[in-house]
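Structure first, then comments.
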Amino acid sequence: MRLATYEHRGEVRAGVVSGAGVHAFPAGVTVLDLVRSGLPAALDADVLGGPAVPLTEVRLLPPLEPPSVRDFVAFEEHVEGMVAPGPVPPEWYEAPTFYFTNPAALAGAHDDVPIPPGSRLFDFELEVAAVLGPDGIFGYTIFNDWSARDLQRREMKVGLGPAKGKDSVTTLGPWLVTADEFTVDEDGFLDLDMRVSVNGVEIGHDRLANMGWPFEELAAYAARGTRVRPGDVLGSGTCGNGGCLAELWGRRGAQDPPPLRPGDVVEMTVEGIGSIRNTVVAGTDLPPVRAARARDRSR
């Protein structure tokens, strides 16, 4: 089942997507409500049997407003490219690594995406995200972890981050596909085709089964010694084989392909989920950040 949040004629609703379009839930019911309750009786025949609004007439919003968003780095090939020409750090193999990103900075499947202020190395990241339910993985969606590489590099040299380099926007969409639509292999992995293109030219493709850990293990690690909640989003991390520009820059030793610029169109497609398509636009022009005051060493 495909669950969507959408805007139609100025009203935001949640609904089920079928071949006819999107069928609205009762007013006030959100996708997060359904995730928390594990698909209650609101999903009855009356919803799918009711009228549908064609998808061409709606703006798809992020499928849900998650309590938190964790983004892992679960693809070994991606790490190889990011650290090229060096080897993958041995610590990567020891346990899944993740960072928290901004749940208040989500974009929909076809929204314009502004370049963060001050960034000249803007990048995409092709990922799949799992959404947690009351009893495990509730469903999956496409996750584009847009990245300001220049901001990210600066902050990580201080020993923190990524943070501000990832803070501006993350695309989730086009909808949330419930986990019962997929079959995992004997080791718990989903084997889905993943592809990304810029301006119609394919840049990267991979298979989701190339993750180092399945989503269930990522969820278990996220919950280790703490508490996770229904609706929490867990990103897979960027896939390999051109899942982002920075991976290719690391392997090739040059910015080839170049960083994203206003007007570039980034499209991602994941088997069994769908496609998202965002146009990069110019961001807000802000004054430079003031440098820190060095401490007075004479005191």
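As shown in the structure tokens, the chain order sets the letters A, B, ...; within each chain, residues go from 1, and ligands are also counted from 1 in the order they appear.
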
Discussion item. DSSP on the backbone, alpha helix (DSSP H) only: what residues of region 171-295 of chain A does that give? Format it as a PyMOL selection string.
Written reply: chain A and resi 215-223+245-252

Limited to C-alpha atoms, could you put the picked residues into a file as a PDB file, in the first residue's frame?
```
ATOM      1  CA  PHE A 215      17.391  -2.228   7.864  1.00  0.00           C
ATOM      2  CA  GLU A 216      16.335  -4.380  10.819  1.00  0.00           C
ATOM      3  CA  GLU A 217      19.914  -4.293  12.122  1.00  0.00           C
ATOM      4  CA  LEU A 218      20.111  -0.539  11.573  1.00  0.00           C
ATOM      5  CA  ALA A 219      16.915  -0.181  13.610  1.00  0.00           C
ATOM      6  CA  ALA A 220      18.296  -2.400  16.365  1.00  0.00           C
ATOM      7  CA  TYR A 221      21.466  -0.340  16.502  1.00  0.00           C
ATOM      8  CA  ALA A 222      19.506   2.927  16.592  1.00  0.00           C
ATOM      9  CA  ALA A 223      17.524   1.569  19.561  1.00  0.00           C
ATOM     10  CA  LEU A 245      28.809  13.278  -6.975  1.00  0.00           C
ATOM     11  CA  ALA A 246      31.366  13.380  -4.156  1.00  0.00           C
ATOM     12  CA  GLU A 247      31.959   9.633  -4.455  1.00  0.00           C
ATOM     13  CA  LEU A 248      32.816  10.077  -8.145  1.00  0.00           C
ATOM     14  CA  TRP A 249      34.998  13.115  -7.361  1.00  0.00           C
ATOM     15  CA  GLY A 250      36.968  10.982  -4.902  1.00  0.00           C
ATOM     16  CA  ARG A 251      37.477   8.171  -7.374  1.00  0.00           C
ATOM     17  CA  ARG A 252      38.321  10.409 -10.357  1.00  0.00           C
TER      18      ARG A 252
END
```

Can you list, as a PDB file with N, CA and C atoms, in the first residue's frame, every protein, DNA or RNA residue that comes within 12 Å of Gly212 (chain A) when you count only C-alpha atoms, leaving out same-chain residues fewer than 4 positions away?
```pdb
ATOM      1  N   PHE A  72      22.237   6.684   8.043  1.00  0.00           N
ATOM      2  CA  PHE A  72      23.370   5.775   8.196  1.00  0.00           C
ATOM      3  C   PHE A  72      24.307   5.886   6.993  1.00  0.00           C
ATOM      4  N   VAL A  73      25.438   5.211   7.078  1.00  0.00           N
ATOM      5  CA  VAL A  73      26.368   5.105   5.953  1.00  0.00           C
ATOM      6  C   VAL A  73      26.645   3.617   5.769  1.00  0.00           C
ATOM      7  N   ALA A  74      25.697   2.928   5.116  1.00  0.00           N
ATOM      8  CA  ALA A  74      25.669   1.467   5.115  1.00  0.00           C
ATOM      9  C   ALA A  74      26.201   0.836   3.837  1.00  0.00           C
ATOM     10  N   PHE A  75      26.672   1.647   2.872  1.00  0.00           N
ATOM     11  CA  PHE A  75      27.192   1.089   1.624  1.00  0.00           C
ATOM     12  C   PHE A  75      28.713   1.213   1.598  1.00  0.00           C
ATOM     13  N   GLU A  76      29.391   0.089   1.577  1.00  0.00           N
ATOM     14  CA  GLU A  76      30.849   0.066   1.595  1.00  0.00           C
ATOM     15  C   GLU A  76      31.439   0.778   0.378  1.00  0.00           C
ATOM     16  N   GLU A  77      30.843   0.574  -0.797  1.00  0.00           N
ATOM     17  CA  GLU A  77      31.383   1.173  -2.015  1.00  0.00           C
ATOM     18  C   GLU A  77      31.330   2.697  -1.954  1.00  0.00           C
ATOM     19  N   HIS A  78      30.285   3.241  -1.343  1.00  0.00           N
ATOM     20  CA  HIS A  78      30.196   4.692  -1.177  1.00  0.00           C
ATOM     21  C   HIS A  78      31.343   5.201  -0.305  1.00  0.00           C
ATOM     22  N   VAL A  79      31.611   4.486   0.791  1.00  0.00           N
ATOM     23  CA  VAL A  79      32.694   4.908   1.685  1.00  0.00           C
ATOM     24  C   VAL A  79      34.032   4.848   0.954  1.00  0.00           C
ATOM     25  N   TRP A  92      34.448   1.315  10.174  1.00  0.00           N
ATOM     26  CA  TRP A  92      33.166   1.214   9.454  1.00  0.00           C
ATOM     27  C   TRP A  92      32.590  -0.182   9.591  1.00  0.00           C
ATOM     28  N   TYR A  93      33.439  -1.199   9.602  1.00  0.00           N
ATOM     29  CA  TYR A  93      32.974  -2.584   9.640  1.00  0.00           C
ATOM     30  C   TYR A  93      32.497  -3.005  11.022  1.00  0.00           C
ATOM     31  N   GLU A  94      32.857  -2.255  12.051  1.00  0.00           N
ATOM     32  CA  GLU A  94      32.565  -2.675  13.410  1.00  0.00           C
ATOM     33  C   GLU A  94      31.103  -2.515  13.792  1.00  0.00           C
ATOM     34  N   ALA A  95      30.462  -1.473  13.309  1.00  0.00           N
ATOM     35  CA  ALA A  95      29.067  -1.195  13.677  1.00  0.00           C
ATOM     36  C   ALA A  95      28.516  -0.145  12.734  1.00  0.00           C
ATOM     37  N   PRO A  96      27.185  -0.098  12.535  1.00  0.00           N
ATOM     38  CA  PRO A  96      26.611   0.946  11.683  1.00  0.00           C
ATOM     39  C   PRO A  96      26.875   2.341  12.261  1.00  0.00           C
ATOM     40  N   THR A  97      27.166   3.281  11.372  1.00  0.00           N
ATOM     41  CA  THR A  97      27.410   4.667  11.779  1.00  0.00           C
ATOM     42  C   THR A  97      26.304   5.542  11.208  1.00  0.00           C
ATOM     43  N   ASP A 187      18.904 -13.288   4.151  1.00  0.00           N
ATOM     44  CA  ASP A 187      19.721 -12.541   5.111  1.00  0.00           C
ATOM     45  C   ASP A 187      19.043 -11.255   5.578  1.00  0.00           C
ATOM     46  N   GLY A 188      17.823 -11.003   5.120  1.00  0.00           N
ATOM     47  CA  GLY A 188      17.075  -9.839   5.575  1.00  0.00           C
ATOM     48  C   GLY A 188      17.213  -8.603   4.720  1.00  0.00           C
ATOM     49  N   PHE A 189      17.861  -8.717   3.540  1.00  0.00           N
ATOM     50  CA  PHE A 189      18.091  -7.555   2.689  1.00  0.00           C
ATOM     51  C   PHE A 189      16.997  -7.417   1.636  1.00  0.00           C
ATOM     52  N   LEU A 190      16.682  -6.178   1.299  1.00  0.00           N
ATOM     53  CA  LEU A 190      15.825  -5.872   0.157  1.00  0.00           C
ATOM     54  C   LEU A 190      16.696  -5.709  -1.080  1.00  0.00           C
ATOM     55  N   ARG A 207      22.244  -1.534  -6.204  1.00  0.00           N
ATOM     56  CA  ARG A 207      21.157  -2.346  -5.670  1.00  0.00           C
ATOM     57  C   ARG A 207      21.140  -2.198  -4.159  1.00  0.00           C
ATOM     58  N   LEU A 208      19.952  -2.088  -3.597  1.00  0.00           N
ATOM     59  CA  LEU A 208      19.821  -1.857  -2.160  1.00  0.00           C
ATOM     60  C   LEU A 208      20.410  -3.007  -1.360  1.00  0.00           C
ATOM     61  N   GLU A 216      16.679  -3.926   9.471  1.00  0.00           N
ATOM     62  CA  GLU A 216      16.335  -4.380  10.819  1.00  0.00           C
ATOM     63  C   GLU A 216      17.510  -4.222  11.775  1.00  0.00           C
ATOM     64  N   GLU A 217      18.728  -4.462  11.273  1.00  0.00           N
ATOM     65  CA  GLU A 217      19.914  -4.293  12.122  1.00  0.00           C
ATOM     66  C   GLU A 217      20.222  -2.823  12.347  1.00  0.00           C
ATOM     67  N   LEU A 218      19.954  -1.978  11.357  1.00  0.00           N
ATOM     68  CA  LEU A 218      20.111  -0.539  11.573  1.00  0.00           C
ATOM     69  C   LEU A 218      19.148  -0.061  12.653  1.00  0.00           C
ATOM     70  N   SER A 236      19.308   4.761   4.582  1.00  0.00           N
ATOM     71  CA  SER A 236      20.283   3.700   4.306  1.00  0.00           C
ATOM     72  C   SER A 236      21.695   4.226   4.177  1.00  0.00           C
ATOM     73  N   GLY A 237      21.825   5.509   3.931  1.00  0.00           N
ATOM     74  CA  GLY A 237      23.095   6.037   3.480  1.00  0.00           C
ATOM     75  C   GLY A 237      23.163   5.938   1.971  1.00  0.00           C
ATOM     76  N   THR A 238      24.086   6.683   1.390  1.00  0.00           N
ATOM     77  CA  THR A 238      24.187   6.763  -0.059  1.00  0.00           C
ATOM     78  C   THR A 238      24.680   5.455  -0.652  1.00  0.00           C
ATOM     79  N   CYS A 239      24.027   5.017  -1.728  1.00  0.00           N
ATOM     80  CA  CYS A 239      24.467   3.800  -2.397  1.00  0.00           C
ATOM     81  C   CYS A 239      25.789   4.049  -3.117  1.00  0.00           C
ATOM     82  N   GLY A 240      26.406   2.977  -3.583  1.00  0.00           N
ATOM     83  CA  GLY A 240      27.658   3.083  -4.316  1.00  0.00           C
ATOM     84  C   GLY A 240      27.429   3.281  -5.795  1.00  0.00           C
TER      85      GLY A 240
END
```

Discussion item. Give me the residues near Leu121 (chain A) as a list in words, where near means some atom within 6 Å (using only C-alpha atoms) and where sequence neighbours in that chain fewer than 5 positions away do not count.
Written reply: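 Selected residues are Ala148, Arg149, Asp150 and Pro259 of chain A.
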
Item to complete: Find the residues around Thr30 (chain A) up to 8 Å (only C-alpha atoms counted), leave out those fewer than 6 positions away in its own chain, and share them as a PyMOL selection string.
Response: chain A and resi 5+13-14+64

Hey, can you spit out that residue selection with C-alpha atoms as a tab-separated table (two decimals), in the first residue's frame?
```
chain	number	residue	atom	x	y	z
A	5	THR	CA	0.52	13.29	2.11
A	13	ARG	CA	-4.65	15.63	3.36
A	14	ALA	CA	-3.31	12.09	3.65
A	64	LEU	CA	5.03	12.08	7.02
```

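The closest residue to Met268 (chain A), picked from A:Ala291, A:Ile142, A:Val169, A:Val280 and counting only C-alpha atoms, is A:Ile142.
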
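Distances here use only C-alpha atoms; by that measure, the residue among A:Asp296, A:Asp232, A:Glu155, A:Asp180 closest to Asp71 (chain A) is A:Asp232.
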